[in-house]
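Only one structure is covered here, and it is reproduced in the block below.
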Amino acid sequence: MRRPRWWAELILIAVVYAAYSCGRLLARGDVSAAVDHGLAILRIEQALAIDAEHPLNRLFTSTPALGVPADFAYASLHYLVTPAVLVWLFRRRPAHYRAARTWLMVSTLLGLVGFTLLPTCPPRLLDASHGFVDTMARFSAYGWWGGEASAPRGMGGLTNQYAAMPSLHVGWALWCGVMLWRYGRTPLFKALGVAYPLLTVLVVMGTANHYFLDAVAGAAVMGAGLLLAPYALRLADRVTGRTIGGESPRSSPVVSGGWETSAGERIPGQRSAPTAADDTPASAR
């Protein structure tokens with residue numbers, strides 16, 4: 001299968017991310033409503049005895065050796081690991097890149113819908129009587145951030161601190177984990193594929209940036225994106241008049257239970273026998 005042009009992919013990803021970032025700012029919502037939503041989530045977790053944020057936050061706050069690295073992880077890995085995995089897929093697994101990229105983009109846009117419909121105050125912004133400490137504010141002397149999430153000092157106005165539900169830190173980490181587990185060929189890649197999403201869940205709760213249910217919602221959004229990605233690919237093919245193997249989009253394989261989207265391209269999770277072609281860049285075939 002012909003690999004997409006790198007510059008076209010870069011432009012597409014930049015446009016989608018810019019739209020997502022602007023959408024987050026426009027979806028700030030009412031602060032009092034966001035606080036009410038955050039407290040409602042906390043009450044639900046307490047009723048179900050799944051409010052793991054409190055003990056984790058106390059541990060990270062009382063132990064700088066855990067809290068400071070967690071703050072660095074929250075402020076940076078989200079923006080470093082995901083692009084790195086995209087580049088790795090583009091270069092080393094070109095047959096799977098387009099479906100994987102579409103899955104990530106569709107899920108991200110679904111997350112934006114969640115931010116708009118349910119602005120949520122994160123634990124760190126609740127009144128101190130609820131027992132949470134903003135570790136990023138507590139340990140801000142160690143990093144570039146201040147007291148406004150992971151934004152650099154003085155740039156807090158460029159972020160929406162109430163875009164907590166769902167947690168796309170967790171959602172993107174889950175996507176990265178699936179990619180590493182599915183397409184990595186070594187035990188190290190598969191171990192990283194399991195460890196990275198789990199570590200992210202602990203970090204977002206321990207730093208009081210998200211509730212446990214935010215993390216659950218992040219995983220659910222990725223699941224919904226996975227289901228919708230094949231249809232987004234088909235729509236994109238029709239709109240752009242993309243041809244596959246010399247055929248028109250109308251005659252391309254139909255999305256079915258096998259998640260086939262185009263010749264040789266499958267949504268992650270579909271079982272197929274590995275071939276040498278999977279590891280060979282298109283330019284070498």
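Labeling convention for the structure tokens: chains A, B, ... as they appear, residues from 1 per chain, ligands from 1 in order of appearance.
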
Select from segment 27-145 of chain A every residue with an atom at most 9 Å from any atom of segment 13-18 of chain A, then for each give the shortest pair of atoms and their distance in Å to one decimal, using only C-alpha atoms, rows by chain and rising number, as CSV.
residue,atom,partner,partner_atom,distance
A:Arg101,CA,A:Ile13,CA,8.9
A:Met105,CA,A:Val16,CA,7.4
A:Thr108,CA,A:Tyr17,CA,8.8
A:Leu109,CA,A:Val16,CA,8.5

- Message: With only C-alpha atoms as the counted atoms, please give the residues lying no more than 10 Å from segment 209-220 of chain A, apart from itself and same-chain residues fewer than 4 positions off, as a count of residues only.
- Response: 55

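Atom CA of Leu56 of chain A is found 4.5 Å from atom CA of Gly206 of chain A.
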
- Using only C-alpha atoms, find the one residue out of A:Leu66, A:Val106, A:Val81, A:Gly184 that sits nearest to Gly223 of chain A. A:Val106

- Message: When you count only C-alpha atoms, which of these residues is closest to Pro230 of chain A: A:Leu104, A:Ala208, A:Ala195, A:Leu126?
- Response: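 Of all the options, A:Leu104 lies closest to Pro230 of chain A.
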
- Task: Would you kindly return, as a ChimeraX atom specification, each protein, DNA or RNA residue with an atom no farther than 12 Å from any atom of Phe189 of chain A, considering only C-alpha atoms and excluding same-chain residues fewer than 2 positions away?
- Result: /A:85,88,176-187,191-196

- Considering only C-alpha atoms, state which residue in the set A:Ala137, A:Trp144, A:Thr102, A:Val113 is at the smallest distance from Ala236 of chain A.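 Among the listed residues, A:Thr102 lies closest to Ala236 of chain A.
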
- Quick one: of A:Tyr20, A:Tyr231, A:Tyr79, A:Tyr142, who's nearest to Ala65 of chain A, counting only C-alpha atoms?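 Result for the nearest residue to Ala65 of chain A: A:Tyr142.
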